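Have a look at upload.cif below; it lists mmCIF, C-alpha atoms.
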data_model
loop_
_atom_site.label_atom_id
_atom_site.label_comp_id
_atom_site.auth_asym_id
_atom_site.auth_seq_id
_atom_site.Cartn_x
_atom_site.Cartn_y
_atom_site.Cartn_z
CA MET P 1 -7.20 7.76 -29.48
CA GLY P 2 -5.99 5.31 -32.14
CA THR P 3 -7.87 2.44 -33.72
CA SER P 4 -8.55 -0.20 -31.14
CA GLU P 5 -7.77 -3.90 -31.15
CA VAL P 6 -9.77 -4.13 -27.95
CA LYS P 7 -13.36 -3.59 -29.01
CA GLN P 8 -16.16 -4.29 -26.62
CA MET P 9 -17.61 -7.68 -27.43
CA PRO P 10 -21.04 -8.88 -26.31
CA GLN P 11 -21.07 -10.50 -22.89
CA ILE P 12 -21.12 -14.32 -22.92
CA SER P 13 -22.04 -16.88 -20.26
CA LEU P 14 -19.73 -19.74 -19.29
CA THR P 15 -20.24 -22.62 -16.88
CA THR P 16 -17.44 -24.33 -14.96
CA PRO P 17 -15.57 -26.64 -15.23
CA LEU P 18 -13.95 -25.09 -18.32
CA SER P 19 -12.66 -27.17 -21.23
CA ASP P 20 -9.68 -26.41 -23.48
CA ASP P 21 -12.08 -25.70 -26.36
CA VAL P 22 -13.94 -23.04 -24.41
CA VAL P 23 -10.80 -21.42 -23.00
CA GLU P 24 -9.10 -21.28 -26.41
CA LYS P 25 -11.92 -19.21 -27.88
CA LEU P 26 -11.68 -16.50 -25.22
CA ARG P 27 -9.99 -13.22 -26.15
CA ILE P 28 -8.80 -10.29 -24.07
CA GLY P 29 -11.53 -7.73 -23.41
CA GLN P 30 -14.29 -10.37 -23.58
CA ARG P 31 -16.86 -9.81 -20.82
CA VAL P 32 -17.98 -13.08 -19.29
CA LEU P 33 -20.70 -14.10 -16.83
CA LEU P 34 -19.39 -17.12 -14.92
CA ASN P 35 -21.65 -19.84 -13.55
CA GLY P 36 -21.08 -23.00 -11.54
CA VAL P 37 -18.53 -24.04 -8.92
CA ILE P 38 -15.36 -22.02 -8.30
CA TYR P 39 -12.81 -22.24 -5.47
CA THR P 40 -11.29 -19.43 -3.43
CA GLY P 41 -7.64 -19.12 -2.48
CA ARG P 42 -5.15 -16.43 -1.46
CA ASP P 43 -1.38 -16.70 -0.96
CA ALA P 44 -1.53 -18.58 2.38
CA ALA P 45 -3.75 -21.30 0.85
CA HIS P 46 -1.68 -21.45 -2.34
CA LYS P 47 1.45 -22.07 -0.29
CA LYS P 48 -0.29 -24.98 1.44
CA LEU P 49 -1.43 -26.45 -1.91
CA VAL P 50 2.09 -26.30 -3.34
CA ASP P 51 3.49 -27.83 -0.12
CA LEU P 52 1.08 -30.78 -0.60
CA LEU P 53 2.28 -31.21 -4.20
CA ASP P 54 5.91 -31.15 -3.00
CA GLN P 55 5.08 -33.92 -0.56
CA GLY P 56 3.35 -35.92 -3.32
CA LYS P 57 -0.01 -35.68 -1.54
CA GLU P 58 -3.48 -35.15 -2.98
CA LEU P 59 -5.01 -31.67 -3.14
CA PRO P 60 -8.21 -30.98 -1.18
CA PHE P 61 -10.11 -30.51 -4.44
CA GLU P 62 -9.78 -31.70 -8.04
CA LEU P 63 -7.92 -29.04 -10.00
CA LYS P 64 -8.69 -30.15 -13.59
CA GLY P 65 -10.93 -27.69 -15.40
CA GLN P 66 -11.46 -25.60 -12.28
CA VAL P 67 -11.31 -21.88 -11.61
CA ILE P 68 -9.69 -20.29 -8.55
CA TYR P 69 -10.94 -16.91 -7.32
CA TYR P 70 -8.38 -14.84 -5.41
CA VAL P 71 -10.55 -13.52 -2.60
CA GLY P 72 -10.70 -13.24 1.19
CA PRO P 73 -14.32 -12.35 1.92
CA SER P 74 -15.54 -10.31 4.85
CA PRO P 75 -17.65 -12.29 7.39
CA ALA P 76 -21.26 -13.03 6.39
CA LYS P 77 -23.91 -11.13 8.31
CA PRO P 78 -26.79 -13.27 9.60
CA GLY P 79 -28.87 -14.33 6.59
CA GLN P 80 -26.07 -13.76 4.06
CA VAL P 81 -24.40 -16.56 2.05
CA ILE P 82 -21.09 -14.70 2.18
CA GLY P 83 -19.84 -11.26 3.15
CA SER P 84 -18.45 -8.78 0.62
CA ALA P 85 -16.21 -10.70 -1.77
CA GLY P 86 -14.18 -8.70 -4.29
CA PRO P 87 -10.88 -9.79 -5.87
CA THR P 88 -7.48 -9.37 -4.22
CA THR P 89 -4.18 -8.55 -5.98
CA SER P 90 -3.21 -11.58 -8.10
CA GLY P 91 0.54 -10.87 -8.10
CA ARG P 92 0.86 -12.46 -4.67
CA MET P 93 -0.19 -15.81 -6.20
CA ASP P 94 2.21 -15.57 -9.18
CA ALA P 95 4.87 -17.71 -7.49
CA TYR P 96 2.42 -20.62 -7.19
CA ALA P 97 0.10 -20.24 -10.22
CA PRO P 98 2.22 -21.80 -13.02
CA ARG P 99 2.46 -25.10 -11.10
CA LEU P 100 -1.33 -25.27 -10.68
CA ILE P 101 -1.95 -24.26 -14.31
CA ALA P 102 0.34 -27.10 -15.46
CA LEU P 103 -1.82 -29.50 -13.44
CA GLY P 104 -5.02 -28.44 -15.21
CA LEU P 105 -6.24 -25.23 -13.54
CA LYS P 106 -8.28 -23.61 -16.32
CA GLY P 107 -9.01 -20.20 -14.89
CA MET P 108 -8.05 -17.60 -12.29
CA ILE P 109 -10.03 -14.57 -11.17
CA GLY P 110 -8.32 -11.61 -9.49
CA LYS P 111 -7.09 -8.11 -10.14
CA GLY P 112 -3.76 -6.74 -11.30
CA LYS P 113 -1.00 -7.81 -13.66
CA ARG P 114 0.55 -11.29 -13.83
CA ILE P 115 4.26 -11.97 -14.28
CA PRO P 116 5.57 -13.35 -17.63
CA GLU P 117 5.88 -16.89 -16.15
CA VAL P 118 2.13 -16.96 -15.46
CA ILE P 119 1.25 -15.51 -18.87
CA LYS P 120 3.48 -18.15 -20.50
CA ALA P 121 1.83 -20.97 -18.53
CA ILE P 122 -1.63 -19.66 -19.52
CA LYS P 123 -0.58 -19.89 -23.18
CA GLN P 124 1.23 -23.23 -22.92
CA TYR P 125 -1.39 -25.13 -20.90
CA LYS P 126 -4.52 -23.32 -22.19
CA SER P 127 -5.83 -21.42 -19.23
CA VAL P 128 -7.31 -17.94 -18.76
CA TYR P 129 -6.95 -15.05 -16.33
CA PHE P 130 -10.06 -13.02 -15.63
CA ALA P 131 -10.26 -9.68 -13.82
CA ALA P 132 -13.18 -9.00 -11.53
CA VAL P 133 -13.84 -5.41 -10.52
CA GLY P 134 -11.77 -4.61 -7.45
CA GLY P 135 -13.97 -2.97 -4.86
CA ALA P 136 -17.25 -4.19 -6.37
CA ALA P 137 -17.42 -6.60 -3.44
CA ALA P 138 -21.05 -6.18 -2.41
CA LEU P 139 -22.19 -6.55 -6.03
CA ILE P 140 -20.09 -9.69 -6.58
CA ALA P 141 -21.38 -11.22 -3.32
CA ARG P 142 -24.88 -11.15 -4.86
CA SER P 143 -23.76 -13.57 -7.57
CA ILE P 144 -22.50 -16.09 -4.97
CA LYS P 145 -25.30 -18.53 -4.16
CA GLU P 146 -23.51 -21.12 -2.00
CA CYS P 147 -20.35 -21.02 0.11
CA SER P 148 -18.67 -23.77 2.12
CA VAL P 149 -15.17 -24.29 3.50
CA VAL P 150 -13.21 -27.03 1.68
CA ALA P 151 -9.84 -26.76 3.44
CA TYR P 152 -7.78 -24.80 5.97
CA PRO P 153 -10.57 -23.30 8.14
CA GLU P 154 -7.80 -22.07 10.47
CA LEU P 155 -6.91 -19.47 7.82
CA GLY P 156 -10.22 -17.65 8.42
CA PRO P 157 -10.97 -15.41 5.41
CA GLU P 158 -8.02 -17.07 3.64
CA ALA P 159 -9.47 -20.62 3.87
CA ILE P 160 -10.29 -22.44 0.62
CA HIS P 161 -14.04 -22.06 0.01
CA ARG P 162 -16.18 -23.79 -2.60
CA LEU P 163 -18.53 -21.23 -4.13
CA VAL P 164 -21.47 -21.70 -6.46
CA VAL P 165 -21.84 -18.59 -8.60
CA GLU P 166 -24.49 -17.29 -10.97
CA ASN P 167 -23.63 -14.61 -13.52
CA PHE P 168 -20.41 -13.51 -11.82
CA PRO P 169 -19.16 -10.62 -14.05
CA VAL P 170 -15.50 -10.88 -15.15
CA ILE P 171 -13.32 -9.67 -18.04
CA VAL P 172 -10.69 -11.72 -19.91
CA VAL P 173 -7.25 -10.16 -19.27
CA ASN P 174 -4.78 -12.89 -20.34
CA ASP P 175 -5.78 -15.36 -23.07
CA THR P 176 -4.23 -18.43 -24.75
CA LEU P 177 -2.66 -16.20 -27.43
CA GLY P 178 -0.52 -14.50 -24.79
CA GLY P 179 -2.54 -11.26 -24.91
CA ASP P 180 -2.61 -8.87 -21.96
CA LEU P 181 -5.53 -6.45 -21.65
CA TYR P 182 -3.68 -4.37 -19.04
CA ASP P 183 -1.02 -3.53 -21.63
CA GLU P 184 -3.33 -3.18 -24.61
CA GLY P 185 -6.06 -1.21 -22.81
CA VAL P 186 -3.68 1.38 -21.40
CA LYS P 187 -1.86 1.83 -24.76
CA ILE P 188 -5.11 2.89 -26.41
CA TYR P 189 -5.95 5.60 -23.91
CA ALA P 190 -2.48 6.97 -23.08
CA ALA P 191 -2.24 10.56 -24.38
CA GLY P 192 0.50 11.36 -26.89
CA LYS P 193 1.63 7.78 -27.34
CA MET G 1 -21.13 8.26 -5.30
CA CYS G 2 -21.40 11.60 -7.16
CA SER G 3 -17.76 11.24 -8.15
CA PHE G 4 -18.46 7.78 -9.66
CA GLN G 5 -21.38 9.26 -11.62
CA LYS G 6 -19.25 12.17 -12.87
CA ALA G 7 -16.48 9.74 -13.87
CA LEU G 8 -19.02 7.51 -15.63
CA ASP G 9 -20.32 10.48 -17.63
CA GLU G 10 -16.80 11.54 -18.65
CA GLU G 11 -15.16 8.12 -19.26
CA ILE G 12 -14.46 7.33 -22.91
CA SER G 13 -13.57 3.63 -22.62
CA LEU G 14 -16.57 1.28 -22.90
CA THR G 15 -14.94 -1.25 -20.56
CA GLY G 16 -14.20 1.66 -18.22
CA LYS G 17 -17.83 2.77 -18.30
CA ASP G 18 -18.93 -0.79 -17.60
CA ILE G 19 -16.62 -0.93 -14.56
CA LEU G 20 -17.70 2.46 -13.21
CA SER G 21 -21.34 1.50 -13.52
CA GLN G 22 -20.61 -1.73 -11.56
CA LEU G 23 -18.94 0.39 -8.87
CA LEU G 24 -21.96 2.70 -8.73
CA THR G 25 -24.33 -0.26 -8.38
CA ASN G 26 -22.00 -1.75 -5.77
CA ALA G 27 -22.02 1.44 -3.69
CA GLY G 28 -25.84 1.40 -3.78
CA ILE G 29 -26.03 -2.24 -2.61
CA ALA G 30 -23.45 -1.62 0.14
CA SER G 31 -25.30 1.41 1.46
CA GLU G 32 -28.75 -0.19 1.25
CA ASN G 33 -27.72 -3.44 2.98
CA GLN G 34 -25.15 -1.90 5.35
CA VAL G 35 -22.39 -4.20 4.09
CA PRO G 36 -18.80 -3.29 3.14
CA MET G 37 -18.27 -1.87 -0.39
CA CYS G 38 -15.02 -3.84 -0.42
CA GLN G 39 -14.16 -6.95 1.60
CA ASP G 40 -10.84 -5.39 2.59
CA THR G 41 -12.01 -3.26 5.49
CA GLY G 42 -8.42 -2.38 6.14
CA VAL G 43 -6.04 -1.58 8.91
CA ALA G 44 -7.78 0.83 11.31
CA VAL G 45 -5.82 4.07 11.01
CA VAL G 46 -7.00 6.47 13.72
CA PHE G 47 -6.09 10.14 14.06
CA LEU G 48 -6.51 11.68 17.50
CA GLU G 49 -6.47 15.46 17.86
CA LEU G 50 -6.31 15.98 21.58
CA GLY G 51 -7.06 19.43 23.02
CA GLN G 52 -4.28 20.45 25.41
CA ASP G 53 -6.83 21.45 28.07
CA ALA G 54 -8.68 18.12 27.89
CA CYS G 55 -8.15 15.46 30.51
CA ILE G 56 -8.44 11.74 29.81
CA SER G 57 -9.24 9.68 32.88
CA GLY G 58 -10.26 6.13 33.71
CA GLY G 59 -7.76 4.32 31.53
CA ASN G 60 -5.35 4.49 28.61
CA ILE G 61 -6.71 6.18 25.52
CA TYR G 62 -4.89 3.84 23.12
CA ASP G 63 -6.44 0.83 24.88
CA ALA G 64 -9.83 2.50 24.44
CA VAL G 65 -9.21 3.02 20.70
CA ASN G 66 -8.20 -0.63 20.28
CA GLU G 67 -11.27 -1.77 22.20
CA GLY G 68 -13.37 0.30 19.81
CA VAL G 69 -11.65 -1.30 16.81
CA ARG G 70 -12.15 -4.78 18.31
CA LYS G 71 -15.88 -4.16 18.85
CA GLY G 72 -16.42 -2.39 15.55
CA TYR G 73 -14.75 -5.06 13.41
CA THR G 74 -16.38 -7.96 15.28
CA GLU G 75 -19.92 -6.62 15.69
CA GLY G 76 -19.88 -4.93 12.28
CA TYR G 77 -18.92 -8.14 10.40
CA LEU G 78 -15.79 -6.48 9.02
CA ARG G 79 -12.79 -8.50 7.84
CA LYS G 80 -9.94 -9.08 10.26
CA SER G 81 -6.82 -8.31 8.26
CA ILE G 82 -4.08 -7.75 10.85
CA VAL G 83 -1.20 -10.13 11.65
CA SER G 84 0.57 -9.73 14.99
CA HIS G 85 4.11 -9.93 13.60
CA PRO G 86 5.16 -8.90 10.09
CA LEU G 87 7.33 -12.00 9.62
CA GLU G 88 5.50 -14.64 11.68
CA ARG G 89 2.15 -13.47 10.25
CA LYS G 90 -0.48 -14.85 12.62
CA ASN G 91 -3.88 -13.13 12.39
CA THR G 92 -4.81 -11.30 15.62
CA GLY G 93 -8.46 -12.21 14.98
CA ASP G 94 -9.97 -8.85 15.90
CA ASN G 95 -8.20 -6.41 13.57
CA THR G 96 -6.22 -4.83 16.42
CA PRO G 97 -3.92 -3.11 16.97
CA ALA G 98 -4.89 0.11 15.23
CA VAL G 99 -2.29 2.48 13.80
CA ILE G 100 -2.80 5.64 15.87
CA HIS G 101 -1.48 9.14 15.15
CA THR G 102 -1.88 11.73 17.90
CA THR G 103 -1.50 15.50 17.74
CA ILE G 104 -1.95 18.05 20.50
CA VAL G 105 -4.17 20.97 19.51
CA PRO G 106 -5.64 24.02 21.31
CA GLY G 107 -8.91 23.56 23.20
CA ASP G 108 -10.44 20.95 25.47
CA SER G 109 -12.02 18.48 23.07
CA LEU G 110 -10.88 15.25 21.42
CA LYS G 111 -11.42 14.75 17.70
CA ILE G 112 -11.22 11.17 16.47
CA THR G 113 -10.91 10.41 12.75
CA VAL G 114 -11.09 6.79 11.66
CA ALA G 115 -9.66 6.04 8.22
CA PRO G 116 -9.57 2.28 7.50
CA LYS G 117 -6.91 1.63 4.86
CA GLY G 118 -6.93 -1.29 2.41
CA GLY G 119 -3.78 -3.28 1.69
CA GLY G 120 -3.94 -3.37 -2.11
CA SER G 121 -3.63 0.38 -2.51
CA GLU G 122 -1.31 0.90 0.49
CA ASN G 123 1.14 -1.59 -1.09
CA MET G 124 1.50 0.56 -4.20
CA SER G 125 2.35 3.77 -2.33
CA GLY G 126 5.85 5.23 -2.51
CA ILE G 127 8.28 7.75 -1.08
CA LYS G 128 11.38 9.40 -2.55
CA MET G 129 13.90 11.90 -1.28
CA LEU G 130 14.36 14.19 -4.30
CA LYS G 131 17.11 16.73 -4.82
CA PRO G 132 15.82 20.29 -4.36
CA SER G 133 17.03 21.04 -7.92
CA GLU G 134 14.49 18.53 -9.26
CA GLY G 135 11.74 20.89 -8.12
CA VAL G 136 8.09 20.61 -9.10
CA ASP G 137 8.93 18.69 -12.28
CA GLY G 138 10.68 16.05 -10.18
CA VAL G 139 7.61 15.82 -7.96
CA LYS G 140 5.32 15.37 -10.96
CA LYS G 141 7.58 12.71 -12.45
CA PHE G 142 7.74 10.73 -9.21
CA VAL G 143 3.95 10.85 -8.80
CA LEU G 144 3.40 9.66 -12.39
CA ASP G 145 6.04 6.93 -12.03
CA THR G 146 4.34 5.71 -8.84
CA VAL G 147 0.87 5.67 -10.43
CA ARG G 148 2.20 3.91 -13.55
CA ALA G 149 4.02 1.27 -11.51
CA ALA G 150 0.86 0.74 -9.44
CA GLY G 151 -1.16 0.14 -12.63
CA PRO G 152 -4.25 -1.95 -11.90
CA ASN G 153 -3.20 -3.13 -8.40
CA PRO G 154 -4.67 -0.33 -6.23
CA CYS G 155 -8.10 -0.72 -7.94
CA PRO G 156 -8.31 2.50 -9.95
CA PRO G 157 -10.02 4.93 -9.96
CA ILE G 158 -7.76 5.96 -7.09
CA VAL G 159 -7.41 8.93 -4.77
CA LEU G 160 -3.88 10.29 -4.37
CA GLY G 161 -2.62 11.75 -1.10
CA ILE G 162 0.69 13.50 -1.69
CA GLY G 163 3.02 14.86 0.98
CA ILE G 164 5.76 17.26 -0.11
CA GLY G 165 8.41 18.47 2.33
CA GLY G 166 9.14 17.78 5.98
CA THR G 167 11.35 14.77 6.61
CA PHE G 168 11.19 11.13 5.49
CA GLU G 169 8.43 10.18 7.97
CA LYS G 170 6.71 13.59 7.92
CA ALA G 171 6.17 13.40 4.15
CA ALA G 172 4.51 9.99 4.52
CA LEU G 173 2.21 11.28 7.27
CA LEU G 174 1.34 14.39 5.22
CA ALA G 175 0.36 12.10 2.34
CA LYS G 176 -1.92 10.06 4.61
CA GLU G 177 -3.44 13.22 6.12
CA ALA G 178 -4.07 14.61 2.64
CA LEU G 179 -6.33 11.61 1.99
CA LEU G 180 -8.58 12.68 4.88
CA ARG G 181 -9.74 15.84 3.10
CA PRO G 182 -13.28 15.56 1.66
CA LEU G 183 -12.95 14.11 -1.86
CA GLY G 184 -11.91 16.72 -4.40
CA GLN G 185 -11.87 19.67 -1.95
CA PRO G 186 -8.89 21.79 -3.07
CA SER G 187 -6.01 22.83 -0.81
CA ASN G 188 -6.48 26.23 0.83
CA LEU G 189 -3.06 27.25 -0.56
CA PRO G 190 -3.72 28.69 -4.06
CA ASP G 191 -0.45 27.42 -5.60
CA ILE G 192 -0.99 23.92 -4.19
CA ALA G 193 -4.64 23.89 -5.30
CA GLU G 194 -3.39 24.71 -8.80
CA LEU G 195 -0.80 21.90 -8.61
CA GLU G 196 -3.51 19.46 -7.49
CA LYS G 197 -5.60 20.35 -10.53
CA GLU G 198 -2.64 19.99 -12.86
CA MET G 199 -1.58 16.65 -11.30
CA LEU G 200 -5.11 15.24 -11.63
CA GLU G 201 -5.13 16.08 -15.34
CA LEU G 202 -1.66 14.55 -15.78
CA VAL G 203 -2.55 11.35 -13.93
CA ASN G 204 -5.73 11.00 -15.99
CA SER G 205 -3.81 11.37 -19.26
CA ILE G 206 -1.64 8.26 -18.93
CA GLY G 207 -4.38 5.81 -19.93
CA ILE G 208 -4.55 3.46 -16.92
CA GLY G 209 -8.29 3.99 -16.45
CA PRO G 210 -10.82 2.12 -14.30
CA GLN G 211 -9.23 -1.08 -12.92
CA GLY G 212 -6.17 -0.42 -15.08
CA LEU G 213 -7.91 -1.75 -18.20
CA GLY G 214 -7.58 1.52 -20.11
CA GLY G 215 -9.43 4.80 -19.98
CA LYS G 216 -9.24 8.32 -18.61
CA THR G 217 -10.54 7.84 -15.07
CA THR G 218 -7.34 6.79 -13.31
CA ALA G 219 -7.82 9.10 -10.31
CA LEU G 220 -10.89 10.75 -8.82
CA ALA G 221 -8.87 13.35 -6.89
CA VAL G 222 -5.36 14.51 -6.00
CA HIS G 223 -4.86 16.02 -2.54
CA ILE G 224 -1.51 17.58 -1.63
CA LYS G 225 -0.12 18.74 1.73
CA VAL G 226 3.17 20.60 2.10
CA HIS G 227 5.50 21.30 5.01
CA PRO G 228 8.75 23.27 5.49
CA CYS G 229 11.86 21.17 4.96
CA HIS G 230 15.67 21.09 5.19
CA ILE G 231 17.73 23.16 2.71
CA ALA G 232 19.16 19.90 1.34
CA SER G 233 15.87 17.97 1.03
CA LEU G 234 12.78 17.60 -1.11
CA PRO G 235 10.89 14.59 0.27
CA VAL G 236 7.83 13.41 -1.69
CA ALA G 237 5.42 10.71 -0.52
CA VAL G 238 2.52 9.32 -2.53
CA ASN G 239 -0.13 7.45 -0.58
CA ILE G 240 -2.58 5.69 -2.88
CA ASN G 241 -6.15 5.06 -1.79
CA CYS G 242 -8.56 2.94 -3.79
CA HIS G 243 -12.02 4.28 -4.66
CA SER G 244 -13.38 2.93 -1.33
CA ALA G 245 -12.16 6.01 0.57
CA ARG G 246 -13.96 5.54 3.88
CA HIS G 247 -13.56 8.12 6.66
CA LYS G 248 -15.54 9.06 9.75
CA GLU G 249 -14.98 11.79 12.32
CA ALA G 250 -16.32 12.38 15.84
CA VAL G 251 -15.63 15.14 18.36
CA LEU G 252 -15.87 14.39 22.10
#
Let me see the structure of the file written as structure tokens.
Amino acid sequence: MGTSEVKQMPQISLTTPLSDDVVEKLRIGQRVLLNGVIYTGRDAAHKKLVDLLDQGKELPFELKGQVIYYVGPSPAKPGQVIGSAGPTTSGRMDAYAPRLIALGLKGMIGKGKRIPEVIKAIKQYKSVYFAAVGGAAALIARSIKECSVVAYPELGPEAIHRLVVENFPVIVVNDTLGGDLYDEGVKIYAAGK
Amino acid sequence: MCSFQKALDEEISLTGKDILSQLLTNAGIASENQVPMCQDTGVAVVFLELGQDACISGGNIYDAVNEGVRKGYTEGYLRKSIVSHPLERKNTGDNTPAVIHTTIVPGDSLKITVAPKGGGSENMSGIKMLKPSEGVDGVKKFVLDTVRAAGPNPCPPIVLGIGIGGTFEKAALLAKEALLRPLGQPSNLPDIAELEKEMLELVNSIGIGPQGLGGKTTALAVHIKVHPCHIASLPVAVNINCHSARHKEAVL
């Protein structure tokens, strides 16, 4: 194991909406506890958002400073705010993300690598991509305190939900310097490299 | 859960340890509250082993399986993740139909194995028809290439089901069946058990680690099944399962 650029930094707390100043200070590997309002969206909802933009119509929520969580939760049991709610694979949203980032989307939460166009948009427009732990869905659901449908209820688990979160644990994967923790992290631990 | 604990003890990456400890806590919460570990409760893959002396009466067995899936996913608050047509993509609303594999076996009982399979890991699976001359080294290379290309997407730590031999579709089914074996139980063929051990070490040396953020715990287990094949063929299928490897069996 070589010397590491990716040292474990102390966990910090952030509250949405996020400003450029806050986003610019984030670095890959930083563990963050997110608080405040975030919105959910998977590929079906993203397609609808981009269709609205193409038609010159307003989006169902204000994008500036906001964070979108790529998730399709399981149904809530009686007494639960939300069912299990872990991240889905972000790559399916890559075709739509740069457009939303250019319009002021400040953060995305998901799992898996982003394409160069998304990483470039994150750098250019000052945004951030966080990874949540895929499969830690029951744990993440505990940090979700409120959940309501904002748009597209017909999409079921893929509808856009407004969530209020407290101490939602995420890790910075792509930052405004163009860093990518997926590349850097694996390089450190690959044998014989 | 023991495999998470073992991985946590052995992981060298601090981020990796942090992730594994979240997964351990998550498994505890899911079990205590009877909620899904992961929101993707999958496509219902069902294996039926039907005794040749058994008799099914009163209706179609596949209808009965789908009724069970419908009830289980609705009453169990599981996510409905199935679309009725791969191109039109409208959700069926009750997670049916199941994918059902049937085999005829000796005896008069019916064994049902339910193995819900998540989309994120299924999407990163792969199959290749190797040349026989590529041999075991070719198999190892294809497995490593598949795991590398999958990277963080299948939510490592993963479980690998590998099918070697048979035909194109047989190899894929072998890979799926290999995932059904209790986690980490070696093959009963000594040479294959040895290959499983070697493959697990190889896969855990490429640095992907928990969630693909770097570390040594890329896979929790490698299970391999083999089958005779054509003199011209060496099919290899790699079915990737995430760490939420959920299986249940019943014998009627």
TODO: Might you spell out which residues the PyMOL selection byres ((chain G) within 6 of (chain P)) would select in the displayed file, as a PyMOL selection string?
DONE: chain G and resi 23+26+30+37-39+77-79+152-153+155+205-208+213-215
Export, as a PDB file, in the frame of the given file, the selected residues with C-alpha atoms.
ATOM      1  CA  LEU G  23     -18.940   0.390  -8.870  1.00  0.00           C
ATOM      2  CA  ASN G  26     -22.000  -1.750  -5.770  1.00  0.00           C
ATOM      3  CA  ALA G  30     -23.450  -1.620   0.140  1.00  0.00           C
ATOM      4  CA  MET G  37     -18.270  -1.870  -0.390  1.00  0.00           C
ATOM      5  CA  CYS G  38     -15.020  -3.840  -0.420  1.00  0.00           C
ATOM      6  CA  GLN G  39     -14.160  -6.950   1.600  1.00  0.00           C
ATOM      7  CA  TYR G  77     -18.920  -8.140  10.400  1.00  0.00           C
ATOM      8  CA  LEU G  78     -15.790  -6.480   9.020  1.00  0.00           C
ATOM      9  CA  ARG G  79     -12.790  -8.500   7.840  1.00  0.00           C
ATOM     10  CA  PRO G 152      -4.250  -1.950 -11.900  1.00  0.00           C
ATOM     11  CA  ASN G 153      -3.200  -3.130  -8.400  1.00  0.00           C
ATOM     12  CA  CYS G 155      -8.100  -0.720  -7.940  1.00  0.00           C
ATOM     13  CA  SER G 205      -3.810  11.370 -19.260  1.00  0.00           C
ATOM     14  CA  ILE G 206      -1.640   8.260 -18.930  1.00  0.00           C
ATOM     15  CA  GLY G 207      -4.380   5.810 -19.930  1.00  0.00           C
ATOM     16  CA  ILE G 208      -4.550   3.460 -16.920  1.00  0.00           C
ATOM     17  CA  LEU G 213      -7.910  -1.750 -18.200  1.00  0.00           C
ATOM     18  CA  GLY G 214      -7.580   1.520 -20.110  1.00  0.00           C
ATOM     19  CA  GLY G 215      -9.430   4.800 -19.980  1.00  0.00           C
TER      20      GLY G 215
END
- [ ] Name the residues that the PyMOL selection byres ((chain G and resi 156) around 12) pulls out of this structure, and write them as a ChimeraX atom specification.
- [x] /P:111-112,133-136 /G:4,7,16,19-20,23,120-121,124,147-148,150-155,157-160,203-204,207-221,240-245
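Within the file as shown, the PyMOL selection byres ((chain P and resi 152) around 12) identifies Thr40, Gly41, Arg42, Ala44, Ala45, His46, Lys47, Lys48, Leu49, Leu59, Pro60, Ser148, Val149, Val150, Ala151, Pro153, Glu154, Leu155, Gly156, Pro157, Glu158, Ala159, Ile160 and His161 of chain P.
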TODO: Take the point (-6.8, -14.5, -15.5) in the file's coordinates, draw a sphere of radius 6 Å around it, and report as a list of chain:residue names every protein, DNA or RNA residue with an atom inside or on it, counting all atoms listed in the file.
DONE: P:Met108, P:Ile109, P:Val128, P:Tyr129, P:Phe130, P:Val173, P:Asn174
Exercise on range 137-141 of chain G, axis-aligned box with 4 Å per side, report centre and edge lengths in Å to one decimal, as AutoDock Vina command-line options:
--center_x 8.0 --center_y 15.7 --center_z -10.2 --size_x 13.4 --size_y 14.0 --size_z 12.5
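CA of Lys145 in chain P is found 7.0 Å from CA of Glu166 in chain P.
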Open item on the list: Can you tell me which residues surround Ala102 in chain P at a distance of at most 10 Å, considering all atoms listed in the file, apart from same-chain residues fewer than 5 positions away, and format the answer as JSON, numbers by chain?
Closed with: {"P": [64, 97, 121, 122, 124, 125, 126, 127]}
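The space separating CA of Val165 in chain P from CA of Thr16 in chain P comes to 9.6 Å.
Of the residues under consideration (P:Leu100, P:Val118, P:Leu105, P:Val170), P:Leu100 shows the shortest atom-to-atom contact distance to Leu52 in chain P when counting only C-alpha atoms.
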What are the nearest atom pairs, with distances in Å to one decimal, for all residues of range 16-46 of chain G that come at most 12 Å from range 89-97 of chain G, using all atoms listed in the file, set out by chain and rising residue number as a Markdown table?
| residue | atom | partner | partner_atom | distance |
| --- | --- | --- | --- | --- |
| G:Asp40 | CA | G:Asn95 | CA | 11.3 |
| G:Thr41 | CA | G:Asn95 | CA | 9.5 |
| G:Gly42 | CA | G:Asn95 | CA | 8.5 |
| G:Val43 | CA | G:Asn95 | CA | 7.1 |
| G:Ala44 | CA | G:Asn95 | CA | 7.6 |
| G:Val45 | CA | G:Pro97 | CA | 9.5 |
| G:Val46 | CA | G:Pro97 | CA | 10.6 |
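Across the model, the gap from CA of Tyr73 in chain G to CA of Gly58 in chain G is 23.6 Å.
Among the candidates G:Ile56, G:Ala149, G:Ile192, G:Val236, the one nearest to Glu169 in chain G when counting all atoms listed in the file is G:Val236.
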